[in-house]
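Novice: Following this line is coords-v2.cif, made up of mmCIF, C-alpha atoms:
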```cif
data_run
loop_
_atom_site.label_atom_id
_atom_site.label_comp_id
_atom_site.auth_asym_id
_atom_site.auth_seq_id
_atom_site.Cartn_x
_atom_site.Cartn_y
_atom_site.Cartn_z
CA VAL D 1486 114.26 59.83 66.05
CA GLY D 1487 112.33 57.11 67.84
CA GLU D 1488 108.76 57.20 66.49
CA ARG D 1489 109.11 60.77 65.11
CA ASN D 1490 110.00 61.62 61.52
CA VAL D 1491 112.93 64.00 61.31
CA ALA D 1492 113.56 63.88 57.55
CA GLY D 1493 111.71 62.87 54.45
CA LEU D 1494 111.91 62.87 50.69
CA ILE D 1495 109.26 63.99 48.24
CA GLU D 1496 109.17 64.31 44.47
CA ILE D 1497 108.67 67.96 43.51
CA HIS D 1498 108.76 67.67 39.71
CA GLY D 1499 106.01 69.84 38.25
CA GLN D 1500 104.70 71.01 41.64
CA TRP D 1501 106.69 74.26 41.94
CA PRO D 1502 106.66 77.29 39.65
CA GLY D 1503 109.73 77.17 37.43
CA ASP D 1504 110.27 73.47 38.23
CA ALA D 1505 112.55 74.01 41.24
CA PRO D 1506 115.83 72.05 41.30
CA SER D 1507 116.51 69.33 43.87
CA ASN D 1508 117.15 70.86 47.29
CA TRP D 1509 116.85 70.49 51.05
CA LEU D 1510 114.15 72.47 52.85
CA VAL D 1511 114.25 73.07 56.59
CA TYR D 1512 110.90 72.99 58.41
CA PHE D 1513 110.38 74.86 61.68
CA ALA D 1514 107.72 73.41 63.99
CA VAL D 1515 105.13 76.02 64.99
CA ALA D 1516 101.97 76.00 67.07
CA ASP D 1517 99.97 77.87 64.39
CA ALA D 1518 101.15 77.93 60.75
CA ASP D 1519 98.74 80.71 59.74
CA GLU D 1520 99.69 83.01 62.61
CA ARG D 1521 103.44 82.48 62.11
CA THR D 1522 103.10 82.99 58.35
CA ASP D 1523 101.37 86.33 58.94
CA ALA D 1524 104.02 87.36 61.47
CA ALA D 1525 106.84 86.41 59.07
CA ARG D 1526 105.15 88.29 56.20
CA ASN D 1527 104.82 91.39 58.42
CA ALA D 1528 108.53 91.09 59.27
CA GLY D 1529 109.51 91.11 55.58
CA ALA D 1530 109.34 87.47 54.53
CA THR D 1531 108.04 86.41 51.12
CA VAL D 1532 105.30 83.78 51.22
CA HIS D 1533 105.97 81.29 48.41
CA VAL D 1534 103.22 78.84 49.45
CA GLU D 1535 100.35 80.08 51.59
CA PRO D 1536 99.42 77.87 54.57
CA ARG D 1537 97.71 74.69 53.42
CA ASP D 1538 96.76 71.33 54.84
CA ILE D 1539 98.20 67.93 54.13
CA PRO D 1540 95.20 65.78 55.12
CA GLY D 1541 95.89 63.63 58.15
CA MET D 1542 99.41 65.04 58.58
CA GLY D 1543 99.34 68.75 59.35
CA ARG D 1544 99.54 72.27 57.94
CA PHE D 1545 102.52 73.98 56.33
CA ALA D 1546 103.67 77.12 54.50
CA VAL D 1547 106.83 77.89 52.51
CA LEU D 1548 108.50 81.26 52.99
CA GLY D 1549 111.65 83.15 52.09
CA ASP D 1550 113.58 85.50 54.34
CA PRO D 1551 114.44 89.03 53.11
CA HIS D 1552 117.75 87.70 51.71
CA GLY D 1553 116.08 84.90 49.75
CA ALA D 1554 116.75 81.88 51.97
CA VAL D 1555 113.75 79.53 51.74
CA PHE D 1556 112.26 77.69 54.73
CA ALA D 1557 108.96 76.15 55.75
CA LEU D 1558 106.69 76.24 58.78
CA TRP D 1559 105.01 73.06 59.98
CA ARG D 1560 102.17 72.33 62.40
CA GLY D 1561 101.66 68.60 62.77
CA ALA D 1562 98.16 67.18 63.11
CA SER D 1563 96.96 66.83 66.68
#
```
Have the structure of the file written as structure tokens, please.

Specialist:
Amino acid sequence: VGERNVAGLIEIHGQWPGDAPSNWLVYFAVADADERTDAARNAGATVHVEPRDIPGMGRFAVLGDPHGAVFALWRGAS
């Protein structure tokens, strides 16, 4: 949308335990990926990927809700 990325594609082969199949992953924008990850964990979420940086882009984490639906949190670089 305009100058903002709203979708992207990445190759995941060999980067996920169990070699995850092709899929879509929704990212929720957050002000603080670490804080929101902790809050989600305390509310019963599973943390699949702890918060980590993508240099020059931002910080993300991958979580699963108590029913198994997977989603990610994203804090873009300032």

Novice: For the file shown, what are the residues hit by the PyMOL selection byres ((chain D and resi 1559) around 7), laid out as a PyMOL selection string?

Specialist: chain D and resi 1512-1515+1518+1544-1546+1557-1558+1560-1561

Novice: Would you compute the distance between atom CA of D:Ala1562 and atom CA of D:Met1542? Give it in Å to one decimal.

Specialist: 5.2 Å

Novice: Name all residues at most 6 Å from D:Gly1549 (count all atoms listed in the file; drop same-chain ones fewer than 3 positions away) and give them as a ChimeraX atom specification.

Specialist: /D:1530-1531,1553-1555

Novice: Between D:Gly1541, D:Ser1563, D:Leu1548, D:Thr1522, single out the one closest to D:Leu1510, counting all atoms listed in the file.

Specialist: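 Distance minimum relative to D:Leu1510 lands on D:Leu1548.
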
Novice: Which distance in Å separates atom CA of D:Asp1523 and atom CA of D:Asn1508, to one decimal?

Specialist: 25.0 Å

Novice: Kindly give the distance, in Å, that separates atom CA of D:Trp1509 and atom CA of D:Ala1524, rounded to a single decimal.

Specialist: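 Atom-to-atom, atom CA of D:Trp1509 to atom CA of D:Ala1524, that is 23.6 Å.
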
Novice: So what does the PyMOL selection byres ((chain D and resi 1534) around 6) actually pick up in this one, as number ranges by chain?

Specialist: D: 1532-1533, 1535, 1546-1547
